[in-house]
>>> print(open('upload_31.csv').read())   # CSV, C-alpha atoms and all ligand atoms
chain,number,residue,atom,x,y,z
A,243,LEU,CA,19.6,-23.3,34.1
A,244,VAL,CA,20.8,-20.7,36.6
A,245,GLU,CA,18.7,-18.0,35.0
A,246,GLY,CA,15.7,-20.2,35.0
A,247,ALA,CA,16.2,-21.0,38.7
A,248,LEU,CA,16.7,-17.3,39.6
A,249,SER,CA,13.6,-16.2,37.7
A,250,GLY,CA,11.6,-19.0,39.2
A,251,ALA,CA,12.7,-17.9,42.7
A,252,LEU,CA,11.7,-14.3,41.9
A,253,ARG,CA,8.2,-15.4,40.7
A,254,SER,CA,7.7,-17.3,44.0
A,255,TYR,CA,8.9,-14.3,46.0
A,256,GLN,CA,6.4,-12.1,44.1
A,257,ALA,CA,3.5,-14.5,44.4
A,258,LEU,CA,3.8,-15.5,48.0
A,259,PRO,CA,3.4,-13.3,51.1
A,260,SER,CA,6.8,-12.2,52.2
A,261,PHE,CA,8.2,-12.9,55.7
A,262,ILE,CA,11.5,-11.1,55.3
A,263,TYR,CA,12.2,-8.5,58.0
A,264,PRO,CA,13.6,-5.1,57.1
A,265,ALA,CA,17.3,-4.5,57.4
A,266,VAL,CA,17.6,-2.5,60.6
A,267,THR,CA,20.6,-0.2,61.3
A,268,GLY,CA,21.2,1.7,64.6
A,269,SER,CA,22.8,1.2,68.0
A,270,ALA,CA,22.1,-2.0,69.9
A,271,ALA,CA,19.7,-0.1,72.2
A,272,GLU,CA,17.9,1.5,69.3
A,273,ARG,CA,17.6,-1.8,67.4
A,274,GLN,CA,16.1,-3.4,70.5
A,275,ILE,CA,13.4,-0.7,70.7
A,276,ILE,CA,12.7,-1.0,67.0
A,277,PHE,CA,12.4,-4.9,67.1
A,278,ASP,CA,10.1,-4.6,70.2
A,279,ALA,CA,7.8,-2.3,68.2
A,280,LEU,CA,7.9,-4.6,65.2
A,281,SER,CA,7.0,-7.6,67.3
A,282,ARG,CA,3.5,-6.1,67.9
A,283,LEU,CA,2.7,-6.1,64.2
A,284,PRO,CA,1.3,-8.7,61.9
A,285,LEU,CA,4.1,-10.3,59.8
A,286,LYS,CA,2.6,-8.8,56.7
A,287,ASP,CA,3.2,-5.2,58.1
A,288,ILE,CA,6.8,-6.0,59.0
A,289,SER,CA,7.7,-7.4,55.6
A,290,ALA,CA,6.1,-4.4,53.9
A,291,ILE,CA,9.2,-2.5,55.2
A,292,ASN,CA,12.5,-3.1,53.4
A,293,THR,CA,14.9,-0.9,55.5
A,294,ILE,CA,14.8,0.9,58.8
A,295,ARG,CA,17.7,3.3,59.4
A,296,MET,CA,18.4,5.5,62.4
A,297,VAL,CA,19.8,8.8,61.1
A,298,PRO,CA,21.2,11.7,63.1
A,299,ALA,CA,18.4,14.1,62.2
A,300,LEU,CA,15.6,14.7,59.6
A,301,GLY,CA,15.0,18.3,58.6
A,302,VAL,CA,16.7,21.3,60.2
A,303,PRO,CA,16.2,21.3,64.0
A,304,SER,CA,16.6,25.1,64.3
A,305,SER,CA,14.0,25.9,61.6
A,306,GLY,CA,11.3,24.0,63.5
A,307,GLY,CA,10.6,21.7,60.6
A,308,VAL,CA,11.7,18.5,62.4
A,309,ALA,CA,10.4,15.1,61.4
A,310,LEU,CA,10.6,12.1,63.8
A,311,GLY,CA,10.5,9.7,60.9
A,312,VAL,CA,9.9,9.5,57.2
A,313,THR,CA,8.9,6.5,55.1
A,314,ARG,CA,9.4,6.2,51.3
A,315,VAL,CA,6.5,3.9,50.5
A,316,ALA,CA,7.6,3.2,46.9
A,317,THR,CA,10.8,1.5,48.2
A,318,GLY,CA,9.8,0.6,51.7
A,319,ASP,CA,12.6,2.7,53.2
A,320,MET,CA,12.0,4.1,56.7
A,321,GLN,CA,14.3,6.6,58.3
A,322,LEU,CA,14.1,7.5,62.0
A,323,SER,CA,15.6,10.7,63.5
A,324,ARG,CA,17.8,10.1,66.5
A,325,TRP,CA,17.6,13.9,67.4
A,326,GLY,CA,13.8,14.0,67.0
A,327,ASN,CA,13.2,10.9,69.1
A,328,SER,CA,15.3,12.1,72.0
A,329,PHE,CA,12.8,14.3,73.7
A,330,ARG,CA,11.3,13.6,77.1
A,331,THR,CA,8.4,15.2,78.9
A,332,ILE,CA,9.2,17.1,82.1
A,333,ASN,CA,7.0,18.4,84.9
A,334,GLY,CA,4.8,15.3,84.9
A,335,PHE,CA,2.6,13.5,82.4
A,336,ALA,CA,-0.6,14.9,83.8
A,337,ALA,CA,0.4,18.5,83.7
A,338,ALA,CA,-2.0,20.9,81.9
A,339,SER,CA,0.8,22.2,79.7
A,340,PRO,CA,3.7,19.7,79.7
A,341,GLN,CA,7.2,20.9,78.7
A,342,TYR,CA,9.7,18.9,76.7
A,343,MET,CA,13.4,18.5,77.2
A,344,HIS,CA,15.9,17.4,74.6
A,345,THR,CA,18.2,14.6,75.9
A,346,ASP,CA,21.2,12.9,74.4
A,347,SER,CA,19.7,9.5,73.9
A,348,VAL,CA,16.5,8.3,72.3
A,349,ASN,CA,13.3,8.1,74.4
A,350,PRO,CA,12.1,4.4,74.1
A,351,ASP,CA,8.4,5.3,74.3
A,352,LEU,CA,8.7,8.0,71.6
A,353,LEU,CA,10.8,5.9,69.3
A,354,ARG,CA,8.4,3.0,69.6
A,355,ASN,CA,5.5,5.3,68.8
A,356,THR,CA,7.3,6.7,65.8
A,357,VAL,CA,8.1,3.2,64.4
A,358,LEU,CA,4.4,2.2,64.8
A,359,HIS,CA,3.4,5.5,63.0
A,360,GLU,CA,5.8,5.0,60.2
A,361,ALA,CA,4.8,1.3,59.9
A,362,GLY,CA,1.3,2.6,59.4
A,363,HIS,CA,2.4,4.5,56.2
A,364,ALA,CA,4.0,1.2,54.9
A,365,HIS,CA,0.8,-0.7,55.8
A,366,ASP,CA,-1.3,2.0,54.1
A,367,TYR,CA,0.5,1.3,50.7
A,368,GLN,CA,1.1,-2.4,51.4
A,369,GLY,CA,1.5,-4.5,48.2
A,370,GLY,CA,4.2,-2.3,46.7
A,371,PHE,CA,4.3,-0.4,43.5
A,372,PHE,CA,0.9,-1.5,42.1
A,373,HIS,CA,-1.0,-0.6,45.2
A,374,MET,CA,0.3,3.0,45.2
A,375,LEU,CA,-2.6,4.4,43.3
A,376,SER,CA,-5.2,3.2,45.8
A,377,PRO,CA,-3.9,3.3,49.4
A,378,THR,CA,-6.0,1.9,52.3
A,379,SER,CA,-6.5,5.4,53.7
A,380,GLY,CA,-8.1,6.5,50.4
A,381,HIS,CA,-11.4,5.0,51.5
A,382,GLY,CA,-13.2,4.5,54.8
A,383,PRO,CA,-13.2,6.9,57.8
A,384,TRP,CA,-9.7,8.3,57.3
A,385,GLY,CA,-9.3,12.1,57.1
A,386,LYS,CA,-12.5,12.7,59.0
A,387,GLY,CA,-12.9,13.4,62.7
A,388,PRO,CA,-12.7,12.4,65.5
A,389,PHE,CA,-8.9,12.4,65.4
A,390,VAL,CA,-6.5,10.7,67.8
A,391,THR,CA,-4.1,13.6,67.7
A,392,ASP,CA,-3.8,17.1,66.2
A,393,TYR,CA,-1.2,15.8,63.7
A,394,ALA,CA,-3.8,13.3,62.4
A,395,ARG,CA,-5.8,16.3,61.1
A,396,THR,CA,-3.0,16.9,58.5
A,397,ASN,CA,-4.5,14.5,55.9
A,398,ALA,CA,-6.0,11.0,55.5
A,399,HIS,CA,-2.5,9.4,55.3
A,400,GLU,CA,-1.3,11.0,58.6
A,401,ASP,CA,-4.7,10.1,60.2
A,402,PHE,CA,-4.2,6.5,59.2
A,403,ALA,CA,-0.6,6.4,60.5
A,404,GLU,CA,-1.5,8.1,63.8
A,405,SER,CA,-4.4,5.8,64.2
A,406,HIS,CA,-2.1,2.8,63.4
A,407,ALA,CA,0.3,3.8,66.2
A,408,HIS,CA,-2.7,4.2,68.6
A,409,TYR,CA,-4.1,0.9,67.6
A,410,PHE,CA,-1.0,-1.0,68.8
A,411,GLU,CA,-0.4,0.8,72.1
A,412,SER,CA,-2.1,0.9,75.4
A,413,THR,CA,-3.4,4.1,76.9
A,414,LYS,CA,-0.7,3.9,79.6
A,415,GLU,CA,2.0,3.6,76.9
A,416,LEU,CA,0.6,6.4,74.8
A,417,GLN,CA,0.5,8.8,77.8
A,418,LYS,CA,4.3,8.4,78.2
A,419,VAL,CA,4.9,9.7,74.7
A,420,PRO,CA,5.8,13.4,74.7
A,421,GLY,CA,2.9,15.3,73.2
A,422,LEU,CA,0.4,12.4,73.8
A,423,GLU,CA,-0.1,13.0,77.5
A,424,HIS,CA,-3.9,13.0,77.2
A,425,SER,CA,-4.2,10.2,74.6
A,426,VAL,CA,-6.5,7.2,74.7
A,427,THR,CA,-6.4,4.1,72.5
A,428,LEU,CA,-8.0,4.1,69.0
A,429,ARG,CA,-10.8,1.9,70.3
A,430,ASP,CA,-11.8,4.5,72.9
A,431,ALA,CA,-11.1,7.5,70.6
A,432,ASP,CA,-13.1,6.3,67.6
A,433,PRO,CA,-14.7,2.9,67.4
A,434,ALA,CA,-15.4,3.3,63.6
A,435,LYS,CA,-11.7,3.8,62.9
A,436,PHE,CA,-10.8,1.0,65.3
A,437,LYS,CA,-13.0,-1.4,63.3
A,438,ALA,CA,-11.6,-0.2,59.9
A,439,MET,CA,-8.0,-0.6,61.2
A,440,ARG,CA,-8.8,-4.1,62.6
A,441,ASP,CA,-10.3,-5.1,59.2
A,442,SER,CA,-7.3,-3.8,57.3
A,443,GLU,CA,-5.0,-5.8,59.6
A,444,GLN,CA,-6.9,-9.1,59.0
A,445,PRO,CA,-4.5,-11.5,57.4
A,446,THR,CA,-5.5,-13.5,54.3
A,447,PHE,CA,-5.2,-17.3,54.6
A,448,MET,CA,-1.8,-17.2,52.7
A,449,GLU,CA,-0.5,-14.5,55.1
A,450,ARG,CA,-1.7,-16.6,58.1
A,451,LEU,CA,0.1,-19.5,56.7
A,452,VAL,CA,3.5,-17.8,57.1
A,453,ASP,CA,2.8,-15.7,60.3
A,454,ARG,CA,4.4,-18.2,62.6
A,455,GLN,CA,7.6,-18.5,64.6
A,456,ALA,CA,9.6,-20.5,62.0
A,457,PHE,CA,9.1,-17.7,59.4
A,458,ARG,CA,9.4,-14.8,61.8
A,459,GLU,CA,12.8,-16.0,63.1
A,460,THR,CA,14.0,-17.0,59.6
A,461,GLY,CA,12.8,-13.7,58.2
A,462,ARG,CA,14.6,-11.7,60.9
A,463,LEU,CA,17.9,-13.5,60.2
A,464,ILE,CA,17.6,-12.9,56.4
A,465,GLY,CA,16.8,-9.3,57.1
A,466,ASP,CA,19.9,-9.0,59.3
A,467,TRP,CA,22.0,-10.5,56.5
A,468,THR,CA,20.8,-7.8,54.1
A,469,SER,CA,21.7,-5.0,56.6
A,470,GLY,CA,25.1,-4.7,55.0
A,471,ALA,CA,23.6,-4.0,51.7
A,472,PRO,CA,20.3,-2.0,52.2
A,473,LEU,CA,20.4,-1.0,48.5
A,474,ALA,CA,20.0,-4.7,47.5
A,475,ARG,CA,16.6,-4.6,49.1
A,476,THR,CA,15.5,-1.5,47.2
A,477,GLY,CA,17.0,-3.0,44.1
A,478,LEU,CA,14.9,-6.2,44.5
A,479,ALA,CA,11.7,-4.0,44.9
A,480,VAL,CA,12.6,-2.2,41.7
A,481,LEU,CA,13.5,-5.3,39.8
A,482,SER,CA,10.3,-6.9,41.0
A,483,ALA,CA,8.1,-4.1,39.7
A,484,TRP,CA,10.0,-3.9,36.5
A,485,SER,CA,9.8,-7.6,35.8
A,486,VAL,CA,6.0,-7.6,36.4
A,487,MET,CA,5.6,-4.7,33.9
A,488,ASN,CA,7.7,-6.7,31.4
A,489,LEU,CA,5.2,-9.6,31.8
A,490,LEU,CA,2.3,-7.2,31.2
A,491,SER,CA,3.7,-5.5,28.2
A,492,GLY,CA,5.4,-8.6,26.7
A,493,GLY,CA,2.3,-10.7,27.2
A,494,ALA,CA,-0.1,-8.1,25.8
A,495,GLY,CA,2.2,-7.6,22.7
A,496,GLU,CA,2.5,-11.3,22.0
A,497,LEU,CA,-1.2,-11.9,22.4
A,498,ALA,CA,-2.2,-9.0,20.1
A,499,ASN,CA,0.4,-9.9,17.4
A,500,ASN,CA,-0.7,-13.5,17.2
A,501,LEU,CA,-4.4,-13.4,17.7
A,502,GLY,CA,-6.0,-15.1,14.7
A,503,LYS,CA,-2.6,-16.1,13.3
A,504,ASP,CA,-0.6,-18.3,15.5
A,505,GLU,CA,-2.9,-19.9,18.1
A,506,MET,CA,-0.1,-21.3,20.3
A,507,GLN,CA,1.8,-18.1,20.4
A,508,ALA,CA,-1.4,-16.2,21.3
A,509,VAL,CA,-2.0,-18.6,24.2
A,510,HIS,CA,1.6,-18.2,25.3
A,511,GLY,CA,1.1,-14.4,25.3
A,512,GLY,CA,-2.2,-14.7,27.1
A,513,LEU,CA,-0.6,-16.8,29.9
A,514,THR,CA,2.2,-14.3,30.2
A,515,LEU,CA,-0.3,-11.4,30.5
A,516,ALA,CA,-2.4,-13.3,33.0
A,517,ALA,CA,0.6,-14.0,35.1
A,518,GLY,CA,1.6,-10.3,35.1
A,519,VAL,CA,-1.9,-9.2,36.1
A,520,GLY,CA,-1.9,-11.8,38.9
A,521,LEU,CA,1.4,-10.7,40.3
A,522,ALA,CA,0.6,-7.0,39.9
A,523,PHE,CA,-2.6,-7.4,41.9
A,524,ALA,CA,-1.5,-10.2,44.3
A,525,PHE,CA,-1.9,-7.7,47.2
A,526,ALA,CA,-5.7,-7.5,46.5
A,527,ASN,CA,-6.5,-11.2,46.5
A,528,PRO,CA,-4.6,-14.1,48.1
A,529,LEU,CA,-5.4,-16.4,45.2
A,530,LEU,CA,-3.9,-14.2,42.5
A,531,GLY,CA,-0.3,-15.0,43.4
A,532,PRO,CA,-0.6,-18.8,43.2
A,533,ALA,CA,-2.8,-18.3,40.1
A,534,ALA,CA,0.0,-16.4,38.5
A,535,LEU,CA,2.4,-19.3,39.3
A,536,ALA,CA,0.0,-21.7,37.6
A,537,ALA,CA,-0.2,-19.5,34.5
A,538,LEU,CA,3.6,-19.3,34.3
A,539,GLY,CA,3.9,-23.1,34.9
A,540,ALA,CA,1.5,-23.6,32.0
A,541,ARG,CA,3.7,-21.4,29.8
A,542,ARG,CA,6.8,-23.3,30.9
A,543,GLY,CA,4.9,-26.5,30.0
A,544,MET,CA,4.2,-25.2,26.5
A,545,GLU,CA,7.9,-24.4,26.1
A,546,VAL,CA,9.0,-27.8,27.3
A,547,ALA,CA,6.7,-29.4,24.7
A,548,ASP,CA,8.0,-27.0,22.0
A,549,GLN,CA,11.6,-27.8,22.7
A,550,SER,CA,11.0,-31.6,22.8
A,551,GLU,CA,13.0,-33.7,20.3
A,552,ASP,CA,10.1,-36.2,20.1
A,553,ALA,CA,7.9,-35.5,17.1
A,554,ARG,CA,4.8,-36.8,19.1
A,555,ALA,CA,5.3,-33.9,21.5
A,556,HIS,CA,4.2,-31.4,18.9
A,557,THR,CA,0.6,-32.5,18.8
A,558,ARG,CA,-2.1,-30.4,20.3
A,559,SER,CA,-3.0,-33.0,23.0
A,560,ALA,CA,0.7,-33.4,24.0
A,561,ALA,CA,1.1,-29.6,24.3
A,562,THR,CA,-2.1,-29.4,26.3
A,563,GLY,CA,-0.9,-32.1,28.6
A,564,ALA,CA,2.4,-30.4,29.1
A,565,ALA,CA,0.6,-27.1,29.9
A,566,VAL,CA,-1.7,-28.6,32.4
A,567,GLY,CA,1.2,-30.6,34.0
A,568,GLY,CA,3.3,-27.5,34.1
A,569,ALA,CA,0.6,-25.4,35.7
A,570,LEU,CA,0.0,-27.9,38.5
A,571,GLY,CA,3.8,-28.5,39.0
A,572,GLY,CA,4.5,-24.8,39.0
A,573,LEU,CA,1.8,-24.1,41.5
A,574,VAL,CA,2.8,-26.9,43.9
A,575,GLY,CA,6.5,-26.3,43.5
A,576,GLY,CA,6.3,-22.5,43.6
A,577,VAL,CA,4.3,-22.5,46.8
A,578,ALA,CA,5.6,-25.6,48.6
A,579,GLY,CA,9.3,-25.2,47.6
A,580,PRO,CA,10.0,-21.9,49.5
A,581,LEU,CA,7.5,-22.4,52.3
A,582,GLY,CA,8.1,-26.1,52.9
A,583,GLY,CA,11.9,-25.5,52.5
A,584,THR,CA,11.8,-22.9,55.2
A,585,CYS,CA,9.8,-25.1,57.6
A,586,LEU,CA,11.9,-28.1,57.0
A,587,GLY,CA,15.2,-26.2,57.3
A,588,TYR,CA,14.0,-24.4,60.5
A,589,ALA,CA,13.1,-27.7,62.1
A,590,ILE,CA,16.5,-29.1,61.4
A,591,GLY,CA,18.8,-26.0,61.9
A,592,GLY,CA,16.8,-23.1,63.4
A,593,PRO,CA,16.7,-19.8,61.5
A,594,VAL,CA,20.0,-20.5,59.6
A,595,GLY,CA,18.4,-23.8,58.4
A,596,GLY,CA,15.2,-22.0,57.6
A,597,ALA,CA,17.1,-19.5,55.5
A,598,VAL,CA,19.0,-22.2,53.6
A,599,GLY,CA,15.8,-24.1,53.1
A,600,PHE,CA,14.0,-21.0,51.8
A,601,LEU,CA,16.7,-20.2,49.3
A,602,ALA,CA,17.0,-23.8,48.1
A,603,GLY,CA,13.3,-24.3,48.0
A,604,SER,CA,12.8,-21.0,46.0
A,605,LEU,CA,15.5,-21.9,43.5
A,606,ILE,CA,14.3,-25.4,42.9
A,607,GLY,CA,10.5,-25.2,43.6
A,608,PHE,CA,8.9,-23.4,40.7
A,609,ARG,CA,11.4,-24.3,38.0
A,610,GLY,CA,11.7,-28.0,39.1
A,611,GLY,CA,7.9,-28.4,39.7
A,612,SER,CA,6.8,-26.8,36.4
A,613,THR,CA,9.4,-28.8,34.4
A,614,LEU,CA,8.6,-32.1,36.1
A,615,GLY,CA,4.9,-31.5,35.8
A,616,ALA,CA,5.3,-30.6,32.1
A,617,GLU,CA,7.3,-33.8,31.4
A,618,ALA,CA,4.7,-35.9,33.1
A,619,GLY,CA,1.8,-34.1,31.3
A,620,LEU,CA,3.7,-34.5,28.0
A,621,ALA,CA,4.2,-38.3,28.5
A,622,LEU,CA,0.5,-38.7,29.3
A,623,GLY,CA,-0.6,-36.5,26.4
A,624,ARG,CA,1.5,-38.4,23.9
A,625,HIS,CA,-0.5,-41.6,24.3
B,1,ZN,ZN,3.5,10.4,59.0
>>> encode(input="upload_31.csv", output="structure tokens", more="lines below")
Ligand SMILES: [Zn+2]
Amino acid sequence: LVEGALSGALRSYQALPSFIYPAVTGSAAERQIIFDALSRLPLKDISAINTIRMVPALGVPSSGGVALGVTRVATGDMQLSRWGNSFRTINGFAAASPQYMHTDSVNPDLLRNTVLHEAGHAHDYQGGFFHMLSPTSGHGPWGKGPFVTDYARTNAHEDFAESHAHYFESTKELQKVPGLEHSVTLRDADPAKFKAMRDSEQPTFMERLVDRQAFRETGRLIGDWTSGAPLARTGLAVLSAWSVMNLLSGGAGELANNLGKDEMQAVHGGLTLAAGVGLAFAFANPLLGPAALAALGARRGMEVADQSEDARAHTRSAATGAAVGGALGGLVGGVAGPLGGTCLGYAIGGPVGGAVGFLAGSLIGFRGGSTLGAEAGLALGRH
């Protein structure tokens, strides 16, 4: 029962847009700058990042190879250099050739710009493991001029990230960032890239459903809870990708082995494969995640019928009824459980209530919904 509840919660987590904030580690002042930067982003961009860590330095300062930040897109891990983000511009912003001074605390304007740049890399590969082969910057105007900065000329990925930072800042803010003294916003620099960025930031209806205060505040609290165990976030991302690959290979194998032999087993394999495809490509279409929950609910329905003690449950019409009921129950429970649980809990007890409601709704929703739906469908199909 526990295993069923946990795997059901994992399926909902994979199928629905996430609203969990990254685990952020740094000083109180650094965290405030980071959260201010994140507050500008659509929730889907925030939840694409798993961890944000302030580290003393990235690269070797004396060798000149100094990075301000680095993002491992496969695991959603962002690191920000305290050393690199501690420069300030001297002799005036408008000077022809400004000079930079290293200070002993981070520059809020520079750190904010770095976070928005790095969040651009996460947004580029949004959707996790299965989106890696086809990043957003792989098509469209990226990698071609005009460029917002010299660094954007490096390649299409850096062009996308630099443009992302420019998209979320005003000209006045940009010009306070060391090195960007003569910058203008993305809209002014290149209307075509501005439009492409705006299109890529457009939320799907599922993402719009969760981008509201109840989910943002709850997601930030859950993110804070995971700060003590940042590896748990990476572990969840890896487990998630691994379990989807299991559905794909297991389903394909079961389908191929039973085609033309055992029809029910073949259908079972087909549903497993369909669910795997839906979860793998959920980033590409908002309907694929819920469709995967329906496929898994139908599979659960077939299992409920199969395990029933009642001989009448083993007829074709009863099994079909159980599959249809399981699909509907899994879809409704898997979506409404976690999302409704969060809203209800938040209304009662703020972010803590939202987190409790989310966890409870995730554990009960898909498993409970698909089982209840299957039982109902089975009862109808038996008559
Ligand atoms: Zn970059």
>>> residues_around(input="upload_31.csv", residues="range 520-531 of chain A", least_positions_apart="2", cutoff="9 Å", atoms="only C-alpha atoms", output="list in words")
Arg253, Ser254, Gln256, Ala257, Leu258, Pro259, Gln368, Gly369, Gly370, Phe371, Phe372, His373, Thr446, Phe447, Met448, Glu449, Ala483, Val486, Met487, Leu490, Leu515, Ala516, Ala517, Gly518, Ala533, Ala534, Leu535 and Ala536 of chain A
>>> residues_around(input="upload_31.csv", residues="Pro388 in chain A", least_positions_apart="2", cutoff="8 Å", atoms="only C-alpha atoms", output="number ranges by chain")
A: 386, 390, 431-432
>>> closest_atom_pairs(input="upload_31.csv", of="chain A", to="ligand ZN 1 (chain B)", cutoff="7 Å", atoms="only C-alpha atoms and all ligand atoms", output="tab-separated table")
residue	atom	partner	partner_atom	distance
A:Val312	CA	B:ZN1	ZN	6.7
A:His359	CA	B:ZN1	ZN	6.3
A:Glu360	CA	B:ZN1	ZN	6.0
A:His363	CA	B:ZN1	ZN	6.6
A:Glu400	CA	B:ZN1	ZN	4.9
A:Ala403	CA	B:ZN1	ZN	5.9
>>> atom_distance(input="upload_31.csv", atom1="CA of Ala560 in chain A", atom2="CA of Gly493 in chain A")
23.0 Å
>>> closest_residue(input="upload_31.csv", among="A:Pro298, A:Gly465, A:Gly582, A:Pro340", to="Gly326 in chain A", atoms="all atoms listed in the file")
A:Pro298
>>> closest_residue(input="upload_31.csv", among="A:Gly495, A:Gly603, A:Gly246, A:Gly511", to="Leu581 in chain A", atoms="all atoms listed in the file")
A:Gly603
>>> residues_near_point(input="upload_31.csv", point="(14.4, -8.4, 61.5)", cutoff="6 Å", atoms="all atoms listed in the file", output="list in words")
Tyr263, Pro264, Arg462, Gly465 and Asp466 of chain A
>>> atom_distance(input="upload_31.csv", atom1="CA of Gly592 in chain A", atom2="CA of Thr460 in chain A")
7.7 Å
